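Encoded as structure tokens, the structure appears first; notes follow it.
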Amino acid sequence: MQGTVLGGTNNVFSVECSDAAIRQCTIKGKVLKADKAYYNPIAPGDIVDIECDALSADKGQITALHPRRNAFSRWNIKGRAPQLLAANLDHLILVTTPDEPPFRPRFIDRELAQAEAQEISPVIVCNKCDLPAAQEPAFQERLANWESLGYTVLRVSAKTQQGMDALARILAEKTCAFVGQSGVGKSSLINALDEACTLRTGTLSQKYGRGAHTTTKGILLHLHLPQTAEKPQGTQASVIDTPGVRRFILHDIPAQELALYFRDLQPYVGQCTFGMSCTHTTERGCRILEALKNGDVNADRYDSWKRICQEIKTGNFED
């Protein structure tokens, strides 16, 4: 029998099977050792084959993992291995905020680079846009820069429902994962999209302005989206709520290749006087530095690329 992984922990996974039953399944033997590079071999959204338990109708064993269309991962410091967050996605929903917690554009730039490397279509969703900080020029300029690069940027508020219709239209009939730092309101957005959802939400630390990890493991949910003029009967969406993180560390992207995953820098890679050997920092004849000087590359984005490169090289990652 075939099924879709909804979530799991400690080698027990909830699998939604082709007969509509949800079974608690373990991995049979060493069948998935091919994915031993990951410390979690299965993620929400994975398609698997299972054998039903002969003695218990709600249990089974995972016997095979189907090839993934794509997978989103990050480097997990504690586990010292890449961590699979979600698989087989149509869109990656990158959630950020203008404040509470503070706006961190470089966090989004890392996620964008990882999404580009793994060929997943990203959508930037700015939650809490009812806050005064959302009107700050620096915040709006950064959003406009991402939009100029072709990224979809939504300005929403789970609290006031601003922009939620636009988000629902993107999610409709798709499989998407919500990712972002702790406290940006991923679970709150999901609750706002479907009133039947009651995911636990948290509050920010008053001392640090950071969110607590209220979502501790990824879970795939089927949402019933609100009715619209285009969809009077409503529609469904499959959404993966991933755990919030304080640091997003790139996986399997060397510093010398990072520019390939920055849409604004990629066209110039290989065009410099020193070709692929150019570090794009001091060399004469560097096309990226020329584009920066001419205003064709945003200075904040270039600085973000340079800082992330340094993090990869040194292993010193900021919060």
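The chains in the structure tokens are called A, B, ... from first to last as shown; in each chain the residues are counted from 1, and the ligands are counted from 1 in the order shown.
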
Would you give me, as a ChimeraX atom specification, the residues in segment 55-167 of chain A that DSSP reads as strand (DSSP E)?
/A:59-65,71-76,81-87,91-96,121-126,152-155

As a PyMOL selection string, please: the residues near Lys28 of chain A (cut-off 7 Å, only C-alpha atoms, same-chain neighbours under 6 positions excluded).
chain A and resi 61-63

Top pick for closest residue to Val239 of chain A, considering A:Thr281, A:Thr175, A:Ser148, A:Ser304 and counting only C-alpha atoms
A:Thr175

May I have all residues of segment 29-151 of chain A that DSSP, computed from the backbone, assigns to alpha helix (DSSP H), given as a PyMOL selection string?
chain A and resi 105-117+137-148

Near-Ile190 of chain A list (12 Å; only C-alpha atoms; drop same-chain fewer than 6 positions) as a PyMOL selection string:
chain A and resi 93+95+127+157-159+161+164+167-168+171+176-179+196-201+219-225+237-242

Straight-line distance linking atom CA of Arg80 of chain A with atom CA of Lys313 of chain A, stated in Å to one decimal:
16.6 Å

12 Å contact set for Asp300 of chain A, only C-alpha atoms, chain neighbours under 4 positions out, as a ChimeraX atom specification:
/A:104-106,109,138-139,141-143,145-146,264,292,295,304-307

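Restricting the calculation to only C-alpha atoms, the smallest distance between Trp75 of chain A and any of A:Arg263, A:Arg247, A:Arg169, A:Arg301 is found for A:Arg247.
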